[in-house]
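File shown here: final-v9.cif, holding mmCIF, C-alpha atoms.
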data_coords
loop_
_atom_site.label_atom_id
_atom_site.label_comp_id
_atom_site.auth_asym_id
_atom_site.auth_seq_id
_atom_site.Cartn_x
_atom_site.Cartn_y
_atom_site.Cartn_z
CA MET A 1 26.41 48.15 -0.22
CA HIS A 2 26.20 46.38 3.12
CA PRO A 3 28.79 43.59 3.42
CA LEU A 4 26.03 41.07 4.22
CA ALA A 5 24.22 42.00 1.00
CA PHE A 6 27.47 41.53 -0.90
CA VAL A 7 28.01 38.11 0.73
CA SER A 8 24.43 37.08 -0.13
CA LEU A 9 24.93 38.19 -3.72
CA CYS A 10 28.16 36.18 -3.95
CA VAL A 11 26.50 33.07 -2.52
CA LEU A 12 23.52 33.37 -4.87
CA THR A 13 25.86 33.83 -7.84
CA GLY A 14 27.74 30.72 -6.79
CA TRP A 15 24.51 28.72 -6.60
CA VAL A 16 23.26 29.96 -9.96
CA LEU A 17 26.59 29.13 -11.63
CA THR A 18 26.47 25.73 -9.97
CA VAL A 19 23.01 24.78 -11.25
CA VAL A 20 23.38 26.09 -14.82
CA PRO A 21 21.85 23.29 -16.95
CA LEU A 22 24.61 21.42 -18.72
CA PRO A 23 24.84 18.09 -20.53
CA HIS A 24 25.93 15.38 -18.11
CA ASP A 25 29.23 14.83 -19.92
CA PHE A 26 30.22 18.48 -19.29
CA LEU A 27 29.42 18.39 -15.58
CA MET A 28 32.78 16.93 -14.66
CA TRP A 29 34.46 19.82 -16.49
CA TRP A 30 32.45 22.45 -14.58
CA PRO A 31 34.20 24.10 -11.62
CA ALA A 32 32.75 23.75 -8.13
CA TRP A 33 31.59 27.38 -8.17
CA ALA A 34 29.73 27.29 -4.86
CA VAL A 35 32.81 25.88 -3.08
CA LEU A 36 35.10 28.44 -4.73
CA VAL A 37 32.82 31.32 -3.71
CA GLN A 38 32.67 30.00 -0.16
CA ILE A 39 36.48 29.75 -0.04
CA TRP A 40 36.82 33.30 -1.35
CA LEU A 41 34.40 34.53 1.31
CA ALA A 42 36.33 32.68 4.02
CA LEU A 43 39.56 34.27 2.83
CA ASN A 44 38.31 37.81 2.31
CA VAL A 45 35.11 38.34 4.30
CA GLY A 46 35.84 35.94 7.14
CA ARG A 47 33.51 37.77 9.51
CA TYR A 48 30.49 36.63 7.52
CA SER A 49 31.71 33.19 6.54
CA GLY A 50 32.32 30.92 9.49
CA ILE A 51 32.09 27.17 9.89
CA ILE A 52 28.36 27.19 10.71
CA ALA A 53 27.61 29.45 7.74
CA ALA A 54 29.62 27.09 5.51
CA TRP A 55 27.70 24.11 6.88
CA LEU A 56 24.39 25.84 6.12
CA MET A 57 25.58 26.70 2.60
CA GLY A 58 26.56 23.07 2.10
CA LEU A 59 23.14 21.97 3.31
CA CYS A 60 21.56 24.30 0.74
CA LEU A 61 23.78 22.64 -1.90
CA ASP A 62 22.44 19.26 -0.76
CA PHE A 63 18.90 20.53 -1.34
CA LEU A 64 19.85 22.04 -4.69
CA SER A 65 21.55 18.92 -6.03
CA GLY A 66 19.48 16.17 -4.43
CA SER A 67 22.49 14.61 -2.72
CA PRO A 68 22.13 12.97 0.72
CA LEU A 69 21.42 15.69 3.28
CA GLY A 70 24.49 16.52 5.33
CA SER A 71 27.05 15.09 2.88
CA GLN A 72 28.03 18.34 1.18
CA ALA A 73 27.25 20.29 4.36
CA PHE A 74 29.89 18.45 6.37
CA ALA A 75 32.35 18.50 3.47
CA MET A 76 31.91 22.26 3.06
CA ALA A 77 32.32 22.89 6.79
CA LEU A 78 35.53 20.85 6.90
CA CYS A 79 36.90 22.51 3.77
CA ILE A 80 36.19 26.03 5.11
CA TYR A 81 37.62 25.09 8.51
CA GLY A 82 40.94 24.22 6.83
CA VAL A 83 40.87 27.45 4.81
CA THR A 84 40.08 29.52 7.91
CA VAL A 85 42.96 27.98 9.90
CA PHE A 86 45.48 28.88 7.16
CA ARG A 87 43.64 32.03 6.09
CA LEU A 88 46.50 34.53 6.45
CA ARG A 89 49.05 32.23 4.85
CA ILE A 90 46.83 31.50 1.86
CA ARG A 91 45.96 35.17 1.38
CA ASN A 92 49.65 36.12 1.15
CA MET A 93 50.60 33.35 -1.23
CA HIS A 94 51.58 33.78 -4.86
CA PRO A 95 48.44 33.42 -7.05
CA VAL A 96 49.63 30.08 -8.43
CA GLN A 97 50.32 28.71 -4.95
CA GLN A 98 46.99 30.09 -3.80
CA ALA A 99 45.18 28.34 -6.65
CA LEU A 100 46.89 25.07 -5.70
CA MET A 101 45.82 25.50 -2.06
CA VAL A 102 42.29 26.19 -3.21
CA GLY A 103 42.52 23.02 -5.30
CA LEU A 104 43.55 21.13 -2.19
CA ALA A 105 40.59 22.55 -0.26
CA THR A 106 38.24 21.63 -3.13
CA ALA A 107 39.72 18.12 -3.19
CA VAL A 108 39.00 17.83 0.55
CA PHE A 109 35.42 18.91 -0.12
CA PHE A 110 34.95 16.26 -2.83
CA ALA A 111 36.78 13.56 -0.88
CA VAL A 112 34.65 14.00 2.25
CA SER A 113 31.44 14.33 0.27
CA LEU A 114 32.26 11.17 -1.73
CA TRP A 115 33.29 9.29 1.39
CA ILE A 116 29.92 9.96 3.05
CA ARG A 117 28.02 8.92 -0.06
CA VAL A 118 30.02 5.74 -0.49
CA ALA A 119 29.44 4.99 3.21
CA LEU A 120 25.70 5.37 2.50
CA GLY A 121 25.95 2.72 -0.20
CA HIS A 122 26.33 4.81 -3.34
CA ASP A 123 28.60 3.51 -6.09
CA LEU A 124 30.41 6.55 -7.52
CA ASN A 125 33.10 7.34 -10.05
CA PRO A 126 35.75 9.60 -8.41
CA LEU A 127 37.08 10.70 -11.82
CA ALA A 128 34.45 13.45 -11.99
CA ALA A 129 35.72 14.88 -8.70
CA LEU A 130 39.33 14.91 -9.95
CA THR A 131 38.50 16.76 -13.17
CA SER A 132 36.21 19.21 -11.38
CA THR A 133 38.98 19.93 -8.85
CA ALA A 134 41.52 20.52 -11.62
CA ILE A 135 39.15 22.90 -13.43
CA SER A 136 38.43 24.68 -10.15
CA VAL A 137 42.17 25.37 -9.77
CA VAL A 138 42.16 26.98 -13.23
CA ALA A 139 38.98 28.95 -12.53
CA TRP A 140 40.13 30.25 -9.14
CA PRO A 141 42.35 33.15 -10.38
CA LEU A 142 39.52 34.42 -12.60
CA LEU A 143 36.88 34.20 -9.89
CA SER A 144 39.21 35.60 -7.26
CA HIS A 145 40.16 38.55 -9.46
CA ALA A 146 36.52 39.28 -10.37
CA LEU A 147 35.31 39.14 -6.76
CA ASN A 148 38.30 41.15 -5.45
CA THR A 149 37.64 43.91 -7.98
CA LEU A 150 33.92 43.96 -7.26
CA HIS A 151 34.51 43.90 -3.52
CA LEU A 152 36.97 46.80 -3.63
CA ARG A 153 34.67 48.87 -5.82
CA LEU A 154 31.62 48.30 -3.68
CA MET A 155 33.50 48.93 -0.44
CA ARG A 156 34.95 52.16 -1.85
CA GLU A 157 31.46 53.32 -2.81
CA ALA A 158 30.17 52.46 0.64
CA MET B 1 32.90 18.65 16.42
CA PHE B 2 29.46 20.18 16.72
CA VAL B 3 29.20 20.40 12.94
CA ALA B 4 30.29 16.77 12.57
CA LEU B 5 27.62 15.63 15.03
CA LEU B 6 25.00 17.78 13.33
CA SER B 7 25.93 16.33 9.93
CA ALA B 8 25.86 12.77 11.26
CA LEU B 9 22.44 13.43 12.78
CA VAL B 10 21.08 14.83 9.50
CA VAL B 11 22.51 11.92 7.49
CA LEU B 12 21.11 9.35 9.92
CA VAL B 13 17.68 10.96 10.10
CA GLU B 14 17.42 11.11 6.32
CA SER B 15 18.64 7.57 5.72
CA SER B 16 16.43 6.03 8.43
CA LEU B 17 13.21 8.01 8.05
CA GLY B 18 11.49 7.71 4.71
CA SER B 19 9.09 10.55 5.49
CA VAL B 20 11.95 13.09 5.27
CA GLY B 21 11.60 12.94 1.48
CA ALA B 22 8.31 14.86 1.58
CA VAL B 23 9.75 17.54 3.88
CA ARG B 24 12.80 17.77 1.67
CA GLY B 25 10.59 18.18 -1.39
CA HIS B 26 8.85 21.15 0.24
CA ILE B 27 12.10 22.81 1.33
CA ALA B 28 13.62 22.30 -2.13
CA GLN B 29 10.84 24.55 -3.49
CA VAL B 30 12.64 27.51 -1.90
CA PHE B 31 15.44 27.02 -4.42
CA GLY B 32 13.08 27.17 -7.40
CA PRO B 33 14.07 30.78 -8.24
CA VAL B 34 17.77 29.78 -8.29
CA HIS B 35 17.01 27.12 -10.90
CA ALA B 36 14.83 29.58 -12.81
CA VAL B 37 17.62 32.19 -12.97
CA ALA B 38 20.16 29.53 -14.00
CA ARG B 39 17.88 28.44 -16.85
CA LEU B 40 17.47 31.98 -18.23
CA PRO B 41 20.53 31.89 -20.56
CA VAL B 42 19.38 28.53 -21.95
CA GLN B 43 15.87 29.90 -22.55
CA TRP B 44 17.26 33.01 -24.25
CA VAL B 45 19.40 30.91 -26.56
CA GLU B 46 16.39 28.68 -27.36
CA GLN B 47 14.17 31.72 -28.03
CA LEU B 48 16.85 33.25 -30.20
CA GLY B 49 17.05 29.99 -32.14
CA THR B 50 13.29 29.78 -32.70
CA SER B 51 12.83 33.47 -33.54
CA HIS B 52 15.55 33.36 -36.19
CA LYS B 53 14.23 30.35 -38.04
CA ASP B 54 13.34 31.33 -41.55
CA ARG B 55 10.11 30.46 -43.35
CA GLY B 56 11.71 27.65 -45.36
CA GLU B 57 13.01 25.96 -42.23
CA LEU B 58 9.62 26.22 -40.53
CA GLN B 59 7.87 24.77 -43.58
CA ALA B 60 10.37 21.92 -43.68
CA ASP B 61 9.74 21.27 -39.97
CA LEU B 62 5.98 21.32 -40.57
CA ALA B 63 6.25 18.90 -43.50
CA ARG B 64 8.45 16.56 -41.44
CA MET B 65 6.00 16.65 -38.52
CA GLN B 66 3.01 16.05 -40.79
CA ALA B 67 4.74 13.01 -42.27
CA GLN B 68 5.63 11.79 -38.80
CA ASN B 69 2.06 12.35 -37.62
CA ALA B 70 0.67 10.36 -40.55
CA LEU B 71 3.09 7.54 -39.80
CA LEU B 72 2.19 7.53 -36.10
CA GLN B 73 -1.53 7.54 -36.89
CA ALA B 74 -1.06 4.54 -39.17
CA ARG B 75 0.92 2.78 -36.45
CA GLN B 76 -1.73 3.63 -33.88
CA LEU B 77 -4.43 2.08 -36.04
CA ARG B 78 -2.35 -1.06 -36.32
CA LEU B 79 -1.69 -1.00 -32.59
CA GLN B 80 -5.40 -0.70 -31.85
CA ALA B 81 -6.07 -3.76 -34.00
CA VAL B 82 -3.29 -5.70 -32.25
CA GLU B 83 -4.56 -4.52 -28.85
CA SER B 84 -8.09 -5.70 -29.51
CA GLU B 85 -6.75 -9.00 -30.82
CA ASN B 86 -4.62 -9.32 -27.69
CA GLU B 87 -7.62 -8.60 -25.46
CA GLU B 88 -9.62 -11.22 -27.30
CA LEU B 89 -6.85 -13.80 -26.87
CA ARG B 90 -6.49 -12.96 -23.18
CA ARG B 91 -10.24 -13.32 -22.77
CA LEU B 92 -10.15 -16.72 -24.50
CA LEU B 93 -7.29 -17.80 -22.26
CA GLY B 94 -9.18 -16.60 -19.19
CA ALA B 95 -6.37 -14.25 -18.21
CA SER B 96 -7.05 -11.02 -16.32
CA ARG B 97 -7.56 -7.98 -18.49
CA ARG B 98 -4.54 -5.71 -18.81
CA MET B 99 -5.37 -2.17 -17.73
CA ASP B 100 -4.20 0.91 -19.63
CA ASP B 101 -1.87 3.30 -17.83
CA GLN B 102 -2.64 7.00 -17.78
CA PHE B 103 -0.01 9.65 -18.48
CA VAL B 104 0.44 13.25 -17.41
CA HIS B 105 2.84 15.43 -19.30
CA ALA B 106 5.54 17.21 -17.29
CA GLU B 107 8.21 19.68 -18.29
CA VAL B 108 11.78 19.22 -17.16
CA LEU B 109 12.78 22.23 -15.06
CA ALA B 110 16.35 21.27 -14.22
CA TYR B 111 18.93 18.53 -14.30
CA SER B 112 21.07 17.84 -11.27
CA HIS B 113 24.37 19.70 -11.53
CA ASP B 114 26.07 17.17 -9.29
CA PRO B 115 28.13 14.75 -11.44
CA PHE B 116 27.45 11.97 -8.92
CA VAL B 117 23.66 12.30 -8.95
CA GLN B 118 21.48 11.59 -11.97
CA ARG B 119 18.24 13.42 -11.25
CA LEU B 120 15.94 15.87 -12.89
CA THR B 121 13.23 18.19 -11.63
CA VAL B 122 9.80 18.24 -13.27
CA ASN B 123 7.00 20.76 -12.90
CA ARG B 124 4.46 18.38 -11.34
CA GLY B 125 3.96 18.03 -7.61
CA PHE B 126 1.23 17.17 -5.15
CA GLY B 127 -1.25 19.14 -7.28
CA ALA B 128 -0.83 16.63 -10.11
CA ARG B 129 -1.11 13.69 -7.67
CA ALA B 130 2.55 12.86 -8.22
CA ALA B 131 3.74 10.26 -5.74
CA THR B 132 7.02 8.78 -4.60
CA GLY B 133 7.89 5.67 -6.60
CA GLN B 134 5.85 6.71 -9.63
CA ALA B 135 7.38 5.69 -12.96
CA VAL B 136 8.43 8.40 -15.41
CA VAL B 137 8.74 7.76 -19.14
CA ASP B 138 9.46 9.65 -22.33
CA PRO B 139 8.44 8.70 -25.90
CA TYR B 140 11.38 6.29 -26.08
CA GLY B 141 11.24 4.44 -22.78
CA LEU B 142 11.63 4.49 -19.01
CA VAL B 143 13.31 7.63 -17.66
CA GLY B 144 13.24 6.87 -13.93
CA GLN B 145 11.04 7.21 -10.88
CA VAL B 146 9.80 10.02 -8.67
CA VAL B 147 11.76 10.16 -5.41
CA GLU B 148 10.69 13.48 -3.90
CA VAL B 149 7.42 15.32 -4.32
CA GLY B 150 6.98 19.01 -3.57
CA SER B 151 3.93 21.21 -3.94
CA LEU B 152 4.89 22.44 -7.42
CA SER B 153 7.67 20.14 -8.58
CA SER B 154 9.10 16.67 -8.12
CA GLN B 155 12.53 15.10 -8.24
CA VAL B 156 13.01 12.17 -10.59
CA LEU B 157 15.85 9.68 -10.05
CA LEU B 158 17.07 8.57 -13.48
CA VAL B 159 17.56 4.92 -14.45
CA THR B 160 21.23 5.74 -15.04
CA ASP B 161 21.83 6.83 -11.42
CA ALA B 162 24.24 4.50 -9.62
CA SER B 163 21.70 3.91 -6.83
CA HIS B 164 18.83 3.02 -9.18
CA GLN B 165 17.78 -0.52 -9.99
CA VAL B 166 14.91 -1.73 -12.13
CA PRO B 167 13.65 -5.29 -12.73
CA VAL B 168 13.79 -5.98 -16.46
CA SER B 169 13.27 -8.80 -18.89
CA VAL B 170 14.82 -9.39 -22.29
CA ALA B 171 12.06 -8.76 -24.84
CA ARG B 172 13.31 -11.51 -27.16
CA THR B 173 13.69 -14.34 -24.66
CA GLY B 174 11.84 -13.25 -21.53
CA LEU B 175 15.00 -13.64 -19.42
CA LYS B 176 14.56 -11.80 -16.09
CA ALA B 177 17.32 -9.62 -14.62
CA VAL B 178 17.95 -6.45 -12.65
CA ALA B 179 19.33 -3.41 -14.46
CA ARG B 180 21.42 -1.02 -12.39
CA GLY B 181 22.56 2.48 -13.31
CA THR B 182 26.28 3.14 -13.45
CA GLY B 183 26.35 6.91 -12.94
CA ASP B 184 27.14 7.35 -16.65
CA ALA B 185 24.35 8.87 -18.71
CA ASP B 186 24.72 6.26 -21.45
CA ARG B 187 25.40 3.04 -19.54
CA ILE B 188 23.33 0.59 -17.55
CA GLU B 189 24.57 -2.78 -16.35
CA LEU B 190 22.71 -6.04 -15.82
CA LEU B 191 23.33 -7.79 -12.53
CA ASN B 192 23.82 -11.49 -11.89
CA VAL B 193 23.04 -12.79 -15.35
CA PRO B 194 24.55 -16.29 -15.78
CA VAL B 195 27.12 -16.75 -18.55
CA THR B 196 24.85 -19.36 -20.09
CA ALA B 197 21.89 -16.95 -20.39
CA GLU B 198 20.59 -16.27 -23.86
CA ILE B 199 21.31 -12.61 -24.40
CA LYS B 200 23.20 -10.76 -27.11
CA PRO B 201 24.00 -7.21 -28.21
CA GLY B 202 20.96 -5.54 -29.74
CA ASP B 203 18.47 -7.15 -27.36
CA THR B 204 15.90 -4.80 -25.91
CA LEU B 205 15.31 -4.76 -22.17
CA ILE B 206 11.80 -3.95 -20.99
CA THR B 207 10.38 -3.50 -17.51
CA SER B 208 9.30 -6.89 -16.19
CA GLY B 209 6.75 -5.56 -13.70
CA LEU B 210 8.29 -7.65 -10.91
CA GLY B 211 8.39 -5.84 -7.60
CA GLN B 212 5.22 -3.93 -8.51
CA ARG B 213 7.15 -0.66 -8.76
CA PHE B 214 7.31 -0.19 -12.53
CA PRO B 215 4.51 -1.20 -14.87
CA ALA B 216 5.52 -3.99 -17.24
CA GLY B 217 6.38 -3.54 -20.89
CA TYR B 218 8.21 -0.20 -21.04
CA PRO B 219 11.53 -0.25 -22.93
CA VAL B 220 14.47 0.47 -20.62
CA ALA B 221 17.69 -0.13 -22.53
CA ARG B 222 19.33 -1.87 -25.45
CA VAL B 223 22.18 -4.32 -24.83
CA ILE B 224 25.41 -3.09 -26.39
CA GLN B 225 28.03 -5.42 -24.93
CA VAL B 226 28.07 -8.94 -23.48
CA ASN B 227 31.35 -10.15 -21.94
CA ARG B 228 31.51 -13.79 -20.89
CA VAL B 229 34.74 -14.13 -18.92
CA PRO B 230 35.89 -17.77 -18.56
CA GLY B 231 35.81 -18.90 -14.93
CA ARG B 232 33.25 -16.33 -13.83
CA PRO B 233 29.67 -17.39 -13.15
CA PHE B 234 28.06 -14.16 -14.32
CA ALA B 235 28.37 -12.29 -17.60
CA GLU B 236 29.22 -8.59 -17.75
CA ILE B 237 26.40 -7.00 -19.66
CA ILE B 238 26.33 -3.33 -20.58
CA ALA B 239 23.26 -1.66 -22.05
CA ALA B 240 22.45 1.85 -23.25
CA PRO B 241 19.24 3.51 -21.99
CA VAL B 242 16.69 4.08 -24.73
CA ALA B 243 15.10 7.10 -23.03
CA ARG B 244 16.77 10.46 -23.54
CA THR B 245 17.74 10.66 -19.90
CA ASP B 246 20.25 13.47 -20.25
CA ARG B 247 18.50 15.73 -22.72
CA ALA B 248 14.73 15.29 -22.48
CA SER B 249 12.84 18.56 -22.19
CA SER B 250 9.56 16.91 -21.31
CA VAL B 251 8.54 13.58 -19.80
CA MET B 252 5.36 11.77 -18.75
CA LEU B 253 4.35 10.62 -15.29
CA VAL B 254 2.73 7.19 -15.40
CA TYR B 255 -0.45 6.67 -13.42
CA ARG B 256 -1.03 2.96 -13.21
CA ALA B 257 -4.54 1.76 -13.78
CA GLN B 258 -5.77 -0.10 -10.71
CA SER B 259 -6.45 -3.72 -11.53
CA ALA B 260 -9.12 -5.74 -9.76
CA ARG B 261 -6.34 -7.41 -7.75
CA ASP B 262 -4.88 -4.06 -6.65
CA ARG B 263 -8.33 -2.82 -5.63
CA ALA B 264 -8.93 -5.96 -3.62
CA LEU B 265 -5.54 -5.60 -1.88
CA ALA B 266 -6.18 -1.91 -1.17
CA SER B 267 -9.58 -2.69 0.34
CA LEU B 268 -8.02 -5.41 2.50
CA GLU B 269 -5.30 -3.03 3.73
CA GLY B 270 -7.83 -0.31 4.46
CA ASP B 271 -10.29 -2.63 6.22
CA PRO B 272 -10.07 -1.97 9.98
CA GLY B 273 -11.74 -5.23 10.81
CA ASP B 274 -8.98 -7.15 9.14
CA SER B 275 -6.42 -6.55 11.89
#
Structure translated into structure tokens:
Amino acid sequence: MHPLAFVSLCVLTGWVLTVVPLPHDFLMWWPAWAVLVQIWLALNVGRYSGIIAAWLMGLCLDFLSGSPLGSQAFAMALCIYGVTVFRLRIRNMHPVQQALMVGLATAVFFAVSLWIRVALGHDLNPLAALTSTAISVVAWPLLSHALNTLHLRLMREA
Amino acid sequence: MFVALLSALVVLVESSLGSVGAVRGHIAQVFGPVHAVARLPVQWVEQLGTSHKDRGELQADLARMQAQNALLQARQLRLQAVESENEELRRLLGASRRMDDQFVHAEVLAYSHDPFVQRLTVNRGFGARAATGQAVVDPYGLVGQVVEVGSLSSQVLLVTDASHQVPVSVARTGLKAVARGTGDADRIELLNVPVTAEIKPGDTLITSGLGQRFPAGYPVARVIQVNRVPGRPFAEIIAAPVARTDRASSVMLVYRAQSARDRALASLEGDPGDS
């Protein structure tokens, strides 16, 4: 499989997991799948996941969720920029440390996204972002393991 | 830096130009397949549930629906009598005749996954003459308003969204207020209601029709809590939406009947000789 096809598949999977219909009360307990996938791509397939690509993915998330255009795009770009700068360090961390770093990156994503929306006059409850970040930390090892395994298998076949 | 500037530009363009909503609605269509794939597991579970219902359950459902239908028919007959009586009274009073709204059924395709945005997507777009600002209701009350229209679907901002406000009146007393969403699916708050206002838990809030955005008379919420804090000029009033905003599978778009006044205003606006 071509790496670009694999990246596209990962991104699509992230989107689908993100928009799975859920009752509103469960949304805050749902990991930020699209952000996690983007972080994994930045860590492992950095060639195909730069800042501009992250910005475009964030813009797609804005369209998908109906949030103000540019809010999640900028947040995603900033989050992936941080991950890219510390890419090698994060990759070599212990899984628990890595999950915490991913949590930090996810928190940056939510903080920036919320900041833009509040600046635009929205009145939001940041509790949802905190719970979603915490759940994302828990979900990261599972997602990371699944994507690593799939990536290795597909690359070996190629 | 480039990305920051690009983001700022996008945010500014969207917040300053209202026409971006239509473009956005069209682009959002591209993501229709993503929503469709995400809904597949839910549809499979629903199909599994319906295909495994036994005969007894189906008969019980049918009996319940027949009873409900009979009840609704009886209520409709009573409503027709009340409506005609109301028309007669309005005629005697010389008031303008109230026009009936038209409804178009729409299926809910998706709910927003973003915990900070209370929106849903319905399967009606330009083809169904859906328009921005159009009210959306379900059998229980006001659901929200259309904010983006695409060719095949539209985005509906729910009354519970933190950025949504609707002019309401208390059905019992006629007290006017503005109801604002809180971002919680089961809470709406009333703004700037004086502590001396006559309102209590259990009161029903209906659309007042002020602002000409929502037609008057649709139930919006039921008051569940009234806090009058000594020393504060306004009461804290919390209400629960009556519409099933977080679990409706179908809704109705409201097409307002054009009154004589609206027609006259429209003809004045469209008259080139007026300017």
**Item:** Residues in the PyMOL selection byres ((chain B) within 7 of (chain A)), expressed as a PyMOL selection string
**Value:** chain B and resi 3-4+7+10-11+14+28+31+34-35+37-39+110-117+162-163+183+185+246
Dump of C-alpha atoms for the selected residues, as a PDB file, in the frame of the given file:
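Now in result22.pdb:
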ATOM      1  CA  VAL B   3      29.200  20.400  12.940  1.00  0.00           C
ATOM      2  CA  ALA B   4      30.290  16.770  12.570  1.00  0.00           C
ATOM      3  CA  SER B   7      25.930  16.330   9.930  1.00  0.00           C
ATOM      4  CA  VAL B  10      21.080  14.830   9.500  1.00  0.00           C
ATOM      5  CA  VAL B  11      22.510  11.920   7.490  1.00  0.00           C
ATOM      6  CA  GLU B  14      17.420  11.110   6.320  1.00  0.00           C
ATOM      7  CA  ALA B  28      13.620  22.300  -2.130  1.00  0.00           C
ATOM      8  CA  PHE B  31      15.440  27.020  -4.420  1.00  0.00           C
ATOM      9  CA  VAL B  34      17.770  29.780  -8.290  1.00  0.00           C
ATOM     10  CA  HIS B  35      17.010  27.120 -10.900  1.00  0.00           C
ATOM     11  CA  VAL B  37      17.620  32.190 -12.970  1.00  0.00           C
ATOM     12  CA  ALA B  38      20.160  29.530 -14.000  1.00  0.00           C
ATOM     13  CA  ARG B  39      17.880  28.440 -16.850  1.00  0.00           C
ATOM     14  CA  ALA B 110      16.350  21.270 -14.220  1.00  0.00           C
ATOM     15  CA  TYR B 111      18.930  18.530 -14.300  1.00  0.00           C
ATOM     16  CA  SER B 112      21.070  17.840 -11.270  1.00  0.00           C
ATOM     17  CA  HIS B 113      24.370  19.700 -11.530  1.00  0.00           C
ATOM     18  CA  ASP B 114      26.070  17.170  -9.290  1.00  0.00           C
ATOM     19  CA  PRO B 115      28.130  14.750 -11.440  1.00  0.00           C
ATOM     20  CA  PHE B 116      27.450  11.970  -8.920  1.00  0.00           C
ATOM     21  CA  VAL B 117      23.660  12.300  -8.950  1.00  0.00           C
ATOM     22  CA  ALA B 162      24.240   4.500  -9.620  1.00  0.00           C
ATOM     23  CA  SER B 163      21.700   3.910  -6.830  1.00  0.00           C
ATOM     24  CA  GLY B 183      26.350   6.910 -12.940  1.00  0.00           C
ATOM     25  CA  ALA B 185      24.350   8.870 -18.710  1.00  0.00           C
ATOM     26  CA  ASP B 246      20.250  13.470 -20.250  1.00  0.00           C
TER      27      ASP B 246
END
**12 Å contact set for segment 123-132 of chain B, all atoms listed in the file, chain neighbours under 3 positions out, as number ranges by chain** = B: 18-22, 25-26, 28-29, 32, 36, 103-110, 120, 135-136, 144-157, 213-214, 249-256
**Item:** atom CA of Glu157 of chain A to atom CA of Thr84 of chain A, distance in Å rounded to a single decimal
**Value:**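 For atom CA of Glu157 of chain A relative to atom CA of Thr84 of chain A, the distance reads 27.5 Å.
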**Request:** List, as a ChimeraX atom specification, every residue that the PyMOL selection byres ((chain B and resi 215) around 12) selects in the file provided.
**Result:** /B:98-102,133-137,141-142,144-145,166-168,206-214,216-220,253-259
**Request:** Find the distance between atom CA of Met1 of chain B and atom CA of Tyr81 of chain A and write it in Å to one decimal.
**Result:** 11.2 Å
Neighbours of Ala99 of chain A within 9 Å (all atoms listed in the file; same-chain residues fewer than 6 positions away dropped), as an mmCIF file with C-alpha atoms, in the coordinates of the input?
data_model
loop_
_atom_site.group_PDB
_atom_site.id
_atom_site.type_symbol
_atom_site.label_atom_id
_atom_site.label_comp_id
_atom_site.auth_asym_id
_atom_site.auth_seq_id
_atom_site.Cartn_x
_atom_site.Cartn_y
_atom_site.Cartn_z
ATOM 1 C CA SER A 136 38.430 24.680 -10.150
ATOM 2 C CA VAL A 137 42.170 25.370 -9.770
ATOM 3 C CA VAL A 138 42.160 26.980 -13.230
ATOM 4 C CA ALA A 139 38.980 28.950 -12.530
ATOM 5 C CA TRP A 140 40.130 30.250 -9.140
ATOM 6 C CA PRO A 141 42.350 33.150 -10.380
#
Using only C-alpha atoms, I'd like a table of the residues in segment 140-210 of chain B that come within 12 Å of segment 230-234 of chain B; for each, show the closest atom pair and its distance in Å rounded to one decimal, ordered by chain and ascending number, as a Markdown table.
| residue | atom | partner | partner_atom | distance |
| --- | --- | --- | --- | --- |
| B:Ala177 | CA | B:Phe234 | CA | 11.7 |
| B:Leu190 | CA | B:Phe234 | CA | 9.8 |
| B:Leu191 | CA | B:Phe234 | CA | 8.1 |
| B:Asn192 | CA | B:Phe234 | CA | 5.6 |
| B:Val193 | CA | B:Phe234 | CA | 5.3 |
| B:Pro194 | CA | B:Phe234 | CA | 4.4 |
| B:Val195 | CA | B:Phe234 | CA | 5.0 |
| B:Thr196 | CA | B:Phe234 | CA | 8.4 |
| B:Ala197 | CA | B:Phe234 | CA | 9.1 |
**Message:** As a check of understanding, name the residues that the PyMOL selection byres ((chain A and resi 155) around 12) selects in the supplied structure, as a list in words.
**Reply:**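 On the file shown, the PyMOL selection byres ((chain A and resi 155) around 12) covers Met1, His2, Pro3, Leu4, Ala5, Phe6, Val45, Leu147, Asn148, Thr149, Leu150, His151, Leu152, Arg153, Leu154, Arg156, Glu157 and Ala158 of chain A.
One distance worth recording is that between atom CA of Pro139 of chain B and atom CA of Ala243 of chain B, which is 7.4 Å.
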**Distance criterion (all atoms listed in the file): nearest to Asn227 of chain B out of B:Leu205, B:Val122, B:Val242, B:Ile199** =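 For Asn227 of chain B, the nearest of the given residues is B:Ile199.
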**Message:** I'd like the contact shell of Ile90 of chain A - 12 Å cut-off, all atoms listed in the file, skipping same-chain residues fewer than 2 positions apart - returned as a PyMOL selection string.
**Reply:** chain A and resi 39-40+42-44+82-88+92-105
